[in-house]
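To be precise, the following lines are coords04.txt, and they hold compact mmCIF, C-alpha atoms.
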```txt
# COMPACT_ATOMS: atom_id res chain seq x y z
CA MET A 66 -14.62 37.11 -20.95
CA PHE A 67 -14.58 38.85 -17.61
CA SER A 68 -18.27 39.67 -17.58
CA PHE A 69 -19.99 39.48 -14.25
CA GLU A 70 -23.31 37.84 -15.02
CA PRO A 71 -24.99 34.70 -13.72
CA GLY A 72 -23.44 31.68 -15.41
CA THR A 73 -20.00 33.20 -15.73
CA PHE A 74 -17.14 31.88 -13.65
CA LEU A 75 -16.49 35.11 -11.74
CA PHE A 76 -20.12 35.53 -10.74
CA GLU A 77 -20.51 31.93 -9.68
CA ALA A 78 -17.20 31.93 -7.80
CA TRP A 79 -18.24 35.09 -5.95
CA ASP A 80 -21.63 33.51 -5.27
CA ALA A 81 -19.97 30.41 -3.77
CA ARG A 82 -17.21 32.31 -1.98
CA TYR A 83 -18.30 31.42 1.57
CA GLN A 84 -18.69 27.75 0.70
CA LEU A 85 -15.31 27.56 -0.99
CA MET A 86 -13.58 29.49 1.78
CA ALA A 87 -15.14 27.20 4.38
CA GLY A 88 -13.82 24.26 2.35
CA LEU A 89 -10.37 25.79 2.24
CA ALA A 90 -10.51 26.36 6.00
CA VAL A 91 -11.40 22.70 6.59
CA THR A 92 -8.53 21.65 4.32
CA ALA A 93 -6.18 23.88 6.31
CA GLN A 94 -7.45 22.51 9.63
CA LEU A 95 -7.10 18.92 8.45
CA SER A 96 -3.62 19.56 7.10
CA VAL A 97 -2.35 21.26 10.23
CA LEU A 98 -3.89 18.66 12.54
CA THR A 99 -2.51 15.69 10.62
CA ILE A 100 0.92 17.20 10.02
CA VAL A 101 1.37 18.27 13.65
CA SER A 102 0.05 15.07 15.22
CA GLY A 103 1.76 12.89 12.64
CA SER A 104 5.09 14.65 13.10
CA ILE A 105 5.03 14.41 16.88
CA ALA A 106 4.04 10.74 16.77
CA GLY A 107 6.56 10.13 14.01
CA MET A 108 9.33 11.74 16.03
CA ILE A 109 8.59 9.47 18.99
CA GLY A 110 8.14 6.50 16.68
CA GLY A 111 11.40 7.19 14.90
CA ILE A 112 13.35 7.42 18.16
CA GLY A 113 11.66 4.20 19.29
CA LEU A 114 12.57 2.51 16.00
CA THR A 115 16.20 3.47 16.41
CA TYR A 116 16.92 3.17 20.13
CA GLY A 117 13.98 1.24 21.58
CA PRO A 118 14.24 -2.25 23.13
CA TRP A 119 13.50 -4.96 20.58
CA PRO A 120 9.80 -5.61 21.38
CA ILE A 121 9.03 -1.92 20.84
CA ARG A 122 11.20 -1.83 17.73
CA PHE A 123 9.41 -4.89 16.38
CA LEU A 124 5.90 -3.52 17.02
CA LEU A 125 6.79 -0.16 15.50
CA ARG A 126 8.35 -1.88 12.50
CA VAL A 127 5.18 -3.90 11.91
CA TYR A 128 3.05 -0.76 12.20
CA VAL A 129 5.24 1.34 9.91
CA ASP A 130 5.61 -1.33 7.25
CA ALA A 131 1.91 -2.15 7.30
CA VAL A 132 0.78 1.45 6.97
CA ARG A 133 3.29 2.17 4.24
CA GLY A 134 2.12 -0.80 2.21
CA ILE A 135 -1.58 0.07 2.27
CA PRO A 136 -3.08 2.85 0.11
CA VAL A 137 -4.16 5.91 2.10
CA LEU A 138 -7.68 5.64 0.77
CA VAL A 139 -8.00 2.14 2.21
CA LEU A 140 -6.71 3.41 5.57
CA ILE A 141 -9.26 6.21 5.50
CA LEU A 142 -12.18 3.94 4.59
CA PHE A 143 -10.99 1.39 7.13
CA SER A 144 -10.90 3.91 9.95
CA TYR A 145 -14.17 5.51 8.83
CA TYR A 146 -16.14 2.26 8.72
CA GLY A 147 -14.05 0.36 11.25
CA LEU A 148 -13.86 2.68 14.24
CA ALA A 149 -17.64 2.91 14.42
CA LEU A 150 -17.78 -0.83 15.12
CA PHE A 151 -16.14 -0.38 18.48
CA GLY A 152 -18.86 1.97 19.59
CA ILE A 153 -16.64 4.96 19.00
CA GLN A 154 -19.00 7.57 17.63
CA ILE A 155 -16.74 9.72 15.53
CA SER A 156 -17.34 12.06 12.67
CA ALA A 157 -15.89 11.61 9.22
CA PHE A 158 -13.56 14.49 10.07
CA THR A 159 -12.09 12.69 13.09
CA ALA A 160 -11.85 9.37 11.27
CA GLY A 161 -9.99 11.17 8.51
CA VAL A 162 -7.59 12.84 10.93
CA VAL A 163 -6.92 9.48 12.60
CA ALA A 164 -6.18 7.78 9.28
CA LEU A 165 -4.11 10.58 7.77
CA GLY A 166 -2.30 11.22 11.06
CA GLY A 167 -1.45 7.53 11.36
CA PHE A 168 -0.22 7.54 7.78
CA CYS A 169 1.88 10.65 8.38
CA ALA A 170 3.27 9.16 11.62
CA ALA A 171 4.41 6.00 9.83
CA HIS A 172 6.20 7.95 7.13
CA MET A 173 7.74 10.35 9.63
CA SER A 174 8.97 7.48 11.83
CA GLU A 175 10.84 6.04 8.90
CA THR A 176 12.29 9.44 7.99
CA VAL A 177 13.36 10.15 11.58
CA ARG A 178 14.94 6.71 11.87
CA GLY A 179 16.80 7.23 8.63
CA SER A 180 18.17 10.59 9.65
CA LEU A 181 19.14 9.41 13.14
CA GLU A 182 20.94 6.40 11.73
CA SER A 183 22.77 8.54 9.20
CA ILE A 184 24.57 10.38 12.01
CA PRO A 185 28.05 8.90 12.41
CA ALA A 186 28.48 6.64 15.45
CA GLY A 187 31.38 8.81 16.56
CA GLN A 188 28.91 11.51 17.56
CA THR A 189 27.12 9.21 19.98
CA GLU A 190 30.39 7.83 21.29
CA ALA A 191 31.77 11.31 21.89
CA ALA A 192 28.56 12.32 23.66
CA LYS A 193 28.77 9.22 25.85
CA ALA A 194 32.43 9.93 26.56
CA ILE A 195 31.67 13.36 27.98
CA GLY A 196 29.01 11.75 30.17
CA LEU A 197 25.72 12.80 28.57
CA ARG A 198 22.73 10.65 29.41
CA PHE A 199 20.39 9.33 26.69
CA GLY A 200 17.98 12.25 26.85
CA GLN A 201 20.82 14.74 26.79
CA ARG A 202 22.49 12.96 23.89
CA LEU A 203 19.27 13.25 21.92
CA ARG A 204 18.62 16.82 22.95
CA TYR A 205 22.09 18.29 22.45
CA VAL A 206 23.85 16.04 19.96
CA LEU A 207 21.65 13.81 17.83
CA LEU A 208 18.43 15.71 17.20
CA PRO A 209 20.04 19.00 16.14
CA GLN A 210 21.94 17.11 13.47
CA ALA A 211 19.01 14.91 12.54
CA ILE A 212 16.74 17.93 12.01
CA ARG A 213 18.98 19.12 9.21
CA ARG A 214 18.56 15.87 7.30
CA LEU A 215 14.93 15.62 8.28
CA LEU A 216 13.76 18.85 6.71
CA PRO A 217 13.57 17.98 3.00
CA PRO A 218 11.60 14.73 3.44
CA TRP A 219 9.50 16.37 6.13
CA VAL A 220 8.42 19.13 3.78
CA ASN A 221 7.65 16.48 1.16
CA THR A 222 5.49 14.62 3.65
CA ALA A 223 3.71 17.86 4.55
CA VAL A 224 2.87 18.48 0.89
CA GLU A 225 1.70 14.88 0.57
CA MET A 226 -0.57 15.38 3.56
CA VAL A 227 -2.16 18.54 2.13
CA LYS A 228 -2.75 16.59 -1.07
CA GLY A 229 -4.01 13.63 0.95
CA THR A 230 -6.75 15.66 2.62
CA THR A 231 -8.62 15.59 -0.70
CA LEU A 232 -9.24 11.88 -0.16
CA LEU A 233 -11.49 12.75 2.77
CA SER A 234 -14.00 14.13 0.27
CA ILE A 235 -14.79 10.47 -0.47
CA ILE A 236 -16.06 9.90 3.07
CA GLY A 237 -17.96 13.17 3.00
CA VAL A 238 -15.75 15.69 4.76
CA VAL A 239 -16.56 18.99 3.05
CA GLU A 240 -13.03 20.20 2.40
CA LEU A 241 -11.96 22.22 -0.60
CA LEU A 242 -12.43 19.46 -3.18
CA LEU A 243 -15.91 18.46 -2.02
CA ALA A 244 -16.92 22.13 -1.64
CA THR A 245 -15.78 22.64 -5.24
CA GLN A 246 -17.75 19.63 -6.40
CA GLN A 247 -20.84 20.90 -4.62
CA THR A 248 -20.42 24.26 -6.33
CA ILE A 249 -19.98 22.53 -9.68
CA ALA A 250 -23.12 20.50 -9.10
CA ARG A 251 -25.00 23.80 -8.84
CA ASN A 252 -23.58 25.78 -11.74
CA TYR A 253 -22.00 23.10 -13.95
CA LEU A 254 -18.83 25.10 -14.63
CA ILE A 255 -16.74 21.95 -14.43
CA LEU A 256 -13.48 23.02 -16.03
CA GLN A 257 -13.25 26.44 -14.44
CA PHE A 258 -13.92 25.35 -10.87
CA TYR A 259 -11.72 22.25 -10.91
CA PHE A 260 -8.99 24.35 -12.47
CA ALA A 261 -9.36 27.07 -9.86
CA ALA A 262 -9.31 24.55 -7.00
CA GLY A 263 -6.30 22.85 -8.52
CA MET A 264 -4.44 26.14 -8.76
CA LEU A 265 -5.28 26.84 -5.13
CA TYR A 266 -3.73 23.52 -4.09
CA VAL A 267 -0.69 24.14 -6.28
CA LEU A 268 -0.29 27.60 -4.74
CA VAL A 269 -0.45 26.25 -1.18
CA ASN A 270 1.84 23.29 -1.83
CA PHE A 271 4.32 25.28 -3.87
CA THR A 272 4.53 27.80 -1.03
CA ILE A 273 5.19 25.02 1.46
CA SER A 274 7.93 23.57 -0.74
CA GLN A 275 9.55 26.97 -1.16
CA LEU A 276 9.37 27.64 2.58
CA GLY A 277 10.98 24.25 3.09
CA ALA A 278 13.78 25.15 0.71
CA LEU A 279 14.28 28.44 2.55
CA LEU A 280 14.36 26.67 5.91
CA GLU A 281 16.83 24.20 4.48
CA ARG A 282 19.20 26.98 3.49
CA ARG A 283 18.79 28.56 6.91
CA THR A 284 19.72 25.34 8.71
CA ALA A 285 22.51 24.39 6.33
CA HIS A 286 25.08 25.52 8.90
CA LEU A 287 23.83 22.88 11.35
CA ARG A 288 25.82 20.27 9.49
CA TYR A 289 28.62 19.27 11.86
CA MET B 898 -16.52 -4.25 22.19
CA THR B 899 -16.60 -7.94 21.28
CA TYR B 900 -16.61 -8.45 17.56
CA GLN B 901 -17.41 -11.79 15.98
CA PHE B 902 -15.16 -12.36 13.01
CA ASN B 903 -16.83 -14.11 10.12
CA PHE B 904 -14.83 -14.16 6.93
CA ASP B 905 -17.24 -16.38 4.96
CA PRO B 906 -19.24 -13.59 3.25
CA VAL B 907 -16.01 -11.88 2.27
CA PHE B 908 -14.36 -15.01 0.93
CA ARG B 909 -17.45 -15.74 -1.13
CA ASP B 910 -16.53 -12.64 -3.13
CA PHE B 911 -12.80 -13.23 -2.97
CA ASP B 912 -12.53 -13.78 -6.71
CA LYS B 913 -13.98 -10.30 -7.27
CA MET B 914 -11.32 -8.84 -5.00
CA LEU B 915 -8.58 -10.68 -6.85
CA TRP B 916 -9.95 -9.38 -10.14
CA GLY B 917 -9.90 -5.89 -8.68
CA LEU B 918 -6.32 -6.39 -7.55
CA GLY B 919 -5.36 -7.54 -11.04
CA LEU B 920 -7.05 -4.51 -12.57
CA GLY B 921 -5.11 -2.24 -10.19
CA LEU B 922 -1.82 -3.87 -11.19
CA TYR B 923 -2.73 -3.53 -14.85
CA LEU B 924 -3.59 0.17 -14.43
CA ALA B 925 -0.33 0.82 -12.56
CA ALA B 926 1.75 -1.00 -15.19
CA ILE B 927 0.18 0.87 -18.11
CA GLY B 928 0.46 4.14 -16.20
CA LEU B 929 4.14 3.50 -15.51
CA LEU B 930 4.80 2.59 -19.15
CA ILE B 931 3.19 5.70 -20.64
CA GLY B 932 4.54 7.75 -17.74
CA CYS B 933 8.06 6.60 -18.58
CA VAL B 934 7.68 7.81 -22.16
CA ILE B 935 6.29 11.17 -21.02
CA GLY B 936 8.90 11.44 -18.29
CA LEU B 937 11.76 10.73 -20.67
CA LEU B 938 10.54 13.28 -23.20
CA VAL B 939 10.06 15.89 -20.48
CA ALA B 940 13.46 15.15 -18.96
CA TYR B 941 15.15 15.69 -22.35
CA GLY B 942 12.93 18.67 -23.07
CA ARG B 943 14.02 20.36 -19.87
CA GLN B 944 17.62 20.20 -21.08
CA SER B 945 16.75 21.86 -24.38
CA ARG B 946 18.05 25.26 -25.39
CA ILE B 947 14.56 26.58 -26.14
CA THR B 948 13.72 28.64 -23.06
CA PRO B 949 9.90 28.74 -23.47
CA LEU B 950 9.85 24.94 -23.78
CA ARG B 951 11.89 24.59 -20.57
CA TRP B 952 9.52 26.93 -18.76
CA ALA B 953 6.44 25.18 -20.05
CA LEU B 954 7.77 21.81 -18.92
CA TRP B 955 8.74 23.24 -15.52
CA VAL B 956 5.17 24.51 -15.11
CA TYR B 957 3.82 21.09 -16.11
CA VAL B 958 6.01 19.23 -13.62
CA GLU B 959 5.45 21.60 -10.70
CA THR B 960 1.70 21.84 -11.31
CA ILE B 961 1.17 18.10 -11.46
CA ARG B 962 3.45 17.39 -8.53
CA ASN B 963 1.69 19.92 -6.31
CA CYS B 964 -1.84 19.04 -7.32
CA PRO B 965 -3.80 16.31 -5.51
CA ILE B 966 -4.18 13.31 -7.81
CA LEU B 967 -7.85 12.93 -6.89
CA LEU B 968 -8.52 16.40 -8.28
CA LEU B 969 -6.62 15.51 -11.45
CA ILE B 970 -8.71 12.37 -11.80
CA PHE B 971 -11.94 14.36 -11.53
CA PHE B 972 -10.63 17.09 -13.81
CA VAL B 973 -9.83 14.61 -16.55
CA TYR B 974 -12.90 12.45 -16.02
CA PHE B 975 -15.47 15.24 -15.81
CA GLY B 976 -13.60 18.08 -17.48
CA LEU B 977 -12.35 16.59 -20.74
CA PRO B 978 -15.86 15.87 -22.06
CA GLU B 979 -16.52 19.60 -21.61
CA MET B 980 -13.65 20.27 -23.98
CA GLY B 981 -15.09 17.94 -26.59
CA ILE B 982 -13.05 14.87 -25.66
CA TYR B 983 -15.82 12.44 -24.81
CA PHE B 984 -14.58 9.19 -26.33
CA LEU B 985 -12.57 8.12 -23.27
CA ASP B 986 -14.30 5.63 -20.99
CA LYS B 987 -13.57 5.82 -17.29
CA THR B 988 -10.70 3.33 -17.37
CA GLU B 989 -9.01 5.14 -20.24
CA SER B 990 -9.49 8.49 -18.56
CA PHE B 991 -7.96 7.09 -15.36
CA ILE B 992 -5.01 5.68 -17.28
CA LEU B 993 -4.55 9.07 -18.93
CA THR B 994 -4.54 10.80 -15.53
CA LEU B 995 -2.17 8.27 -14.02
CA SER B 996 0.21 8.60 -16.98
CA ILE B 997 0.27 12.40 -16.79
CA TYR B 998 0.80 12.15 -13.04
CA ALA B 999 3.52 9.53 -13.31
CA GLY B 1000 5.14 11.44 -16.17
CA ALA B 1001 5.73 14.47 -13.96
CA TYR B 1002 7.29 12.43 -11.16
CA LEU B 1003 9.33 10.23 -13.49
CA SER B 1004 10.67 13.21 -15.42
CA GLU B 1005 12.34 14.36 -12.19
CA VAL B 1006 13.74 10.87 -11.66
CA PHE B 1007 15.11 10.72 -15.21
CA ARG B 1008 16.43 14.27 -15.00
CA SER B 1009 18.53 13.43 -11.98
CA GLY B 1010 19.51 10.16 -13.65
CA LEU B 1011 20.67 11.98 -16.77
CA THR B 1012 22.74 14.46 -14.78
CA SER B 1013 24.34 11.70 -12.72
CA ILE B 1014 25.85 9.96 -15.73
CA PRO B 1015 29.63 10.49 -15.62
CA VAL B 1016 30.86 12.82 -18.36
CA ARG B 1017 33.60 10.37 -19.27
CA TYR B 1018 31.00 7.85 -20.48
CA VAL B 1019 29.77 10.35 -23.05
CA GLU B 1020 33.32 11.32 -23.91
CA ALA B 1021 34.26 7.68 -24.44
CA ALA B 1022 31.21 7.25 -26.66
CA LYS B 1023 32.29 10.27 -28.67
CA ALA B 1024 35.82 8.90 -28.91
CA ILE B 1025 34.68 5.65 -30.50
CA GLY B 1026 32.73 7.70 -33.01
CA LEU B 1027 29.10 7.26 -31.98
CA ARG B 1028 26.63 9.77 -33.41
CA PRO B 1029 24.62 11.85 -30.91
CA TRP B 1030 21.53 9.64 -31.06
CA GLN B 1031 23.69 6.51 -30.88
CA ARG B 1032 25.33 7.92 -27.75
CA GLN B 1033 21.88 8.31 -26.20
CA ARG B 1034 20.62 4.96 -27.41
CA TYR B 1035 23.61 2.78 -26.51
CA VAL B 1036 25.34 4.64 -23.67
CA VAL B 1037 23.28 7.24 -21.85
CA LEU B 1038 19.84 5.59 -21.75
CA PRO B 1039 20.94 2.10 -20.62
CA VAL B 1040 23.12 3.51 -17.86
CA MET B 1041 20.43 5.96 -16.81
CA PHE B 1042 17.79 3.23 -16.56
CA ARG B 1043 20.09 1.19 -14.37
CA ILE B 1044 20.85 4.16 -12.13
CA THR B 1045 17.19 5.10 -11.78
CA LEU B 1046 15.92 1.56 -11.29
CA PRO B 1047 15.41 1.89 -7.50
CA ALA B 1048 13.49 5.15 -7.97
CA LEU B 1049 11.45 3.55 -10.75
CA SER B 1050 10.41 0.66 -8.54
CA ASN B 1051 9.41 3.06 -5.76
CA ASN B 1052 7.30 4.90 -8.29
CA LEU B 1053 5.66 1.72 -9.52
CA ILE B 1054 4.67 0.81 -5.97
CA SER B 1055 3.24 4.22 -5.21
CA LEU B 1056 1.42 4.21 -8.55
CA PHE B 1057 -0.07 0.86 -7.63
CA LYS B 1058 -1.25 2.31 -4.34
CA ASP B 1059 -2.68 5.31 -6.19
CA THR B 1060 -4.84 3.02 -8.32
CA SER B 1061 -7.05 2.71 -5.23
CA LEU B 1062 -8.28 6.21 -6.10
CA ALA B 1063 -9.87 4.79 -9.23
CA ALA B 1064 -12.64 3.73 -6.86
CA ALA B 1065 -13.70 7.39 -6.77
CA ILE B 1066 -14.84 7.18 -10.41
CA ALA B 1067 -16.31 3.69 -9.95
CA ILE B 1068 -13.60 1.64 -11.65
CA PRO B 1069 -14.03 -1.86 -10.19
CA GLU B 1070 -10.57 -2.26 -8.69
CA LEU B 1071 -9.83 -3.64 -5.23
CA THR B 1072 -10.89 -0.66 -3.14
CA PHE B 1073 -14.15 -0.25 -5.04
CA MET B 1074 -14.90 -3.97 -4.75
CA THR B 1075 -14.14 -3.95 -1.04
CA ARG B 1076 -16.43 -0.99 -0.51
CA GLN B 1077 -19.17 -2.87 -2.31
CA ILE B 1078 -18.61 -6.04 -0.32
CA ASN B 1079 -18.54 -3.97 2.86
CA ALA B 1080 -21.85 -2.35 1.95
CA ASN B 1081 -23.47 -5.63 0.92
CA THR B 1082 -22.37 -7.86 3.78
CA PHE B 1083 -21.66 -5.41 6.65
CA ARG B 1084 -18.55 -7.44 7.46
CA VAL B 1085 -16.60 -4.26 8.00
CA MET B 1086 -13.44 -5.54 9.67
CA GLU B 1087 -13.22 -8.65 7.55
CA SER B 1088 -13.56 -6.92 4.19
CA TRP B 1089 -11.10 -4.11 4.93
CA LEU B 1090 -8.63 -6.43 6.63
CA THR B 1091 -8.69 -8.71 3.60
CA ALA B 1092 -8.17 -5.78 1.26
CA SER B 1093 -5.33 -4.42 3.40
CA VAL B 1094 -3.58 -7.77 3.46
CA LEU B 1095 -3.99 -8.12 -0.31
CA TYR B 1096 -2.49 -4.66 -0.86
CA LEU B 1097 0.32 -5.35 1.61
CA VAL B 1098 1.23 -8.69 0.08
CA THR B 1099 1.16 -7.25 -3.43
CA CYS B 1100 3.25 -4.19 -2.51
CA TYR B 1101 5.88 -6.27 -0.76
CA GLY B 1102 5.77 -8.82 -3.57
CA ILE B 1103 6.47 -6.10 -6.12
CA ALA B 1104 9.19 -4.66 -3.89
CA TRP B 1105 10.84 -8.05 -3.45
CA PHE B 1106 10.74 -8.81 -7.16
CA LEU B 1107 12.08 -5.39 -8.13
CA ARG B 1108 14.89 -5.59 -5.60
CA ARG B 1109 16.05 -8.76 -7.32
CA VAL B 1110 15.91 -6.99 -10.67
CA GLU B 1111 17.86 -4.09 -9.18
CA ARG B 1112 20.56 -6.42 -7.92
CA ARG B 1113 20.77 -8.02 -11.32
CA TYR B 1114 21.21 -4.69 -13.10
CA ALA B 1115 23.08 -2.75 -10.43
CA VAL B 1116 25.58 -0.27 -11.80
CA ILE B 1117 29.10 -0.87 -10.60
CA ARG B 1118 30.78 2.49 -10.41
```
Could you show the structure in this file as structure tokens?
Amino acid sequence: MFSFEPGTFLFEAWDARYQLMAGLAVTAQLSVLTIVSGSIAGMIGGIGLTYGPWPIRFLLRVYVDAVRGIPVLVLILFSYYGLALFGIQISAFTAGVVALGGFCAAHMSETVRGSLESIPAGQTEAAKAIGLRFGQRLRYVLLPQAIRRLLPPWVNTAVEMVKGTTLLSIIGVVELLLATQQTIARNYLILQFYFAAGMLYVLVNFTISQLGALLERRTAHLRY
Amino acid sequence: MTYQFNFDPVFRDFDKMLWGLGLGLYLAAIGLLIGCVIGLLVAYGRQSRITPLRWALWVYVETIRNCPILLLIFFVYFGLPEMGIYFLDKTESFILTLSIYAGAYLSEVFRSGLTSIPVRYVEAAKAIGLRPWQRQRYVVLPVMFRITLPALSNNLISLFKDTSLAAAIAIPELTFMTRQINANTFRVMESWLTASVLYLVTCYGIAWFLRRVERRYAVIR
């Protein structure tokens, strides 16, 4: 079973190691880029959704609800085919980051809004009473408490984003899934390679979830 | 930077898009139905006293939940024929994938639903002399379905959105049709805007309908 000859899984996997590792690296890059940009944008968006003046709230609401009601794949194809129309010469990679980042931002905004609104009004009132300005209220009172509630859904979103990067294989970004498919096209070991790639994703995502759970326990004391 | 909108070529194929939308809804509904059965069995199985069974089901749930659905779709579509299962056409193989996928997510929903049923309900059922399966059939399951209804509708909506991935194995649902129309007519903005609006309207339609159902069956505790 564990023979090392051409046509066996081990040999072919070793043969394709650089390709698969490059794919994994692209997946990692995509994930980090979308999660970081999406989280930052989502944080701002969430604060805007909660405390912004009504025109900003309205615009953000439209954006968030629209993005959440459209499948990610459609967003990706839309940005891939659509952005080129405006003379923006971008690669499939960038189009993918834009679409996934926008998707992540919408979900994060909603999460941030939810966790900010779940903080009792007494907290804000007390902060106002001791004379903190808006920025200070956010910095010292609201965000530290919101973070605690934010973590579980944030980790979920992060896992969803790692899983979502596979959709970019459809527009030709050679991430782990497409690299696997290219390898399969060469050696036809369909089951073994899909299984191996799947296990790799499970490993990465399971690690993220477990790290999230650890972080959650660490920040449990932040509750009031 | 100026773009001339011309929806005519897209609307000429509008019936195709609607057919694709219908197919997506059909796939999501079947997936949810089979997924519910799988999810229920797994949820009960994970309460069983047989430790290997519990472990096996835990592995199933965690694997499926952490695996990208696109990879699962390809694994089932291209991989099963390798194992001698070659009588599934692409729609059936997609439904199979979607059901397995939904089953893992729904089992978690049902598991939390089962644990959230007040013990006194079961005790009351025992007191009036219901047999174990009668307790499940007449007390636990109806209450659990009502409790989990909001989570179920969320799952249906996300399953419906996931049917867009069927385009990857050339199932003619909305995304696939839109891609074809886009390629044939080059009306990029128009075709994708139309598809987006169709998805949006359908998602919010489902959400609106299910919220009414939820209100109708809300559990008063």
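All residues of protein, DNA or RNA that reach within 12 Å of Leu1090 (chain B), judged by only C-alpha atoms and not counting those fewer than 3 positions away in the chain, are Ala131, Ile135, Val139, Leu140, Leu142, Phe143, Ser144, Tyr146 and Gly147 of chain A; Phe902, Asn903, Phe904, Val907, Phe908, Thr1072, Thr1075, Arg1076, Asn1079, Arg1084, Val1085, Met1086, Glu1087, Ser1093, Val1094, Leu1095, Tyr1096 and Leu1097 of chain B.
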Test item: chain B residues at most 9 Å from chain A, counting only C-alpha atoms, as a PyMOL selection string: chain B and resi 898-900+959-969+971-972+975-977+979-980+1054-1055+1057-1062+1065+1072+1076+1079+1085-1086+1089-1090+1092-1101
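CA of Ala223 (chain A) is found 17.2 Å from CA of Gly110 (chain A).
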Close residues, Leu1003 (chain B) itself excluded, 7 Å, all atoms listed in the file, min 6 positions apart in chain, as number ranges by chain: B: 932-933, 936
May I have the centre and edge lengths, in Å to one decimal, of an axis-aligned box around the listed atoms of region 177-190 of chain A with 6 Å added to every side, as AutoDock Vina command-line options?
```
--center_x 22.4 --center_y 9.0 --center_z 15.0 --size_x 30.0 --size_y 17.1 --size_z 24.7
```
Top pick for closest residue to Tyr957 (chain B), considering B:Leu1053, B:Leu918, B:Ile997, B:Ile982 and counting all atoms listed in the file: B:Ile997
Only C-alpha atoms, please: region 234-273 of chain A from the block, as a PDB file, in the first residue's frame.
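Result file follows (selection-v6.pdb):
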```pdb
ATOM      1  CA  SER A 234     -10.751  28.158  -8.385  1.00  0.00           C
ATOM      2  CA  ILE A 235     -13.759  28.746 -10.648  1.00  0.00           C
ATOM      3  CA  ILE A 236     -12.313  32.015 -11.934  1.00  0.00           C
ATOM      4  CA  GLY A 237      -8.889  30.455 -12.305  1.00  0.00           C
ATOM      5  CA  VAL A 238      -6.965  31.428  -9.193  1.00  0.00           C
ATOM      6  CA  VAL A 239      -4.598  28.509  -8.613  1.00  0.00           C
ATOM      7  CA  GLU A 240      -5.246  27.964  -4.918  1.00  0.00           C
ATOM      8  CA  LEU A 241      -5.196  24.608  -3.190  1.00  0.00           C
ATOM      9  CA  LEU A 242      -8.333  23.220  -4.843  1.00  0.00           C
ATOM     10  CA  LEU A 243      -7.329  24.159  -8.386  1.00  0.00           C
ATOM     11  CA  ALA A 244      -3.747  22.985  -7.763  1.00  0.00           C
ATOM     12  CA  THR A 245      -5.209  19.664  -6.619  1.00  0.00           C
ATOM     13  CA  GLN A 246      -7.396  19.449  -9.698  1.00  0.00           C
ATOM     14  CA  GLN A 247      -4.417  20.159 -11.927  1.00  0.00           C
ATOM     15  CA  THR A 248      -2.493  17.392 -10.199  1.00  0.00           C
ATOM     16  CA  ILE A 249      -5.442  15.035 -10.609  1.00  0.00           C
ATOM     17  CA  ALA A 250      -5.650  15.884 -14.290  1.00  0.00           C
ATOM     18  CA  ARG A 251      -2.082  14.614 -14.623  1.00  0.00           C
ATOM     19  CA  ASN A 252      -2.167  11.416 -12.588  1.00  0.00           C
ATOM     20  CA  TYR A 253      -5.889  10.619 -12.339  1.00  0.00           C
ATOM     21  CA  LEU A 254      -5.746   9.705  -8.644  1.00  0.00           C
ATOM     22  CA  ILE A 255      -9.095  11.365  -8.050  1.00  0.00           C
ATOM     23  CA  LEU A 256     -10.134   9.972  -4.686  1.00  0.00           C
ATOM     24  CA  GLN A 257      -6.755  10.169  -3.010  1.00  0.00           C
ATOM     25  CA  PHE A 258      -5.959  13.748  -3.966  1.00  0.00           C
ATOM     26  CA  TYR A 259      -9.406  15.201  -3.261  1.00  0.00           C
ATOM     27  CA  PHE A 260      -9.363  13.372   0.046  1.00  0.00           C
ATOM     28  CA  ALA A 261      -5.923  14.684   0.922  1.00  0.00           C
ATOM     29  CA  ALA A 262      -6.875  18.259  -0.001  1.00  0.00           C
ATOM     30  CA  GLY A 263     -10.076  17.933   1.983  1.00  0.00           C
ATOM     31  CA  MET A 264      -8.174  16.743   5.040  1.00  0.00           C
ATOM     32  CA  LEU A 265      -5.811  19.688   4.675  1.00  0.00           C
ATOM     33  CA  TYR A 266      -8.742  22.107   4.727  1.00  0.00           C
ATOM     34  CA  VAL A 267     -10.301  20.304   7.685  1.00  0.00           C
ATOM     35  CA  LEU A 268      -6.987  20.473   9.536  1.00  0.00           C
ATOM     36  CA  VAL A 269      -6.607  24.217   8.929  1.00  0.00           C
ATOM     37  CA  ASN A 270     -10.216  25.063   9.760  1.00  0.00           C
ATOM     38  CA  PHE A 271     -10.364  22.802  12.781  1.00  0.00           C
ATOM     39  CA  THR A 272      -7.218  24.475  14.103  1.00  0.00           C
ATOM     40  CA  ILE A 273      -8.773  27.900  13.618  1.00  0.00           C
TER      41      ILE A 273
END
```
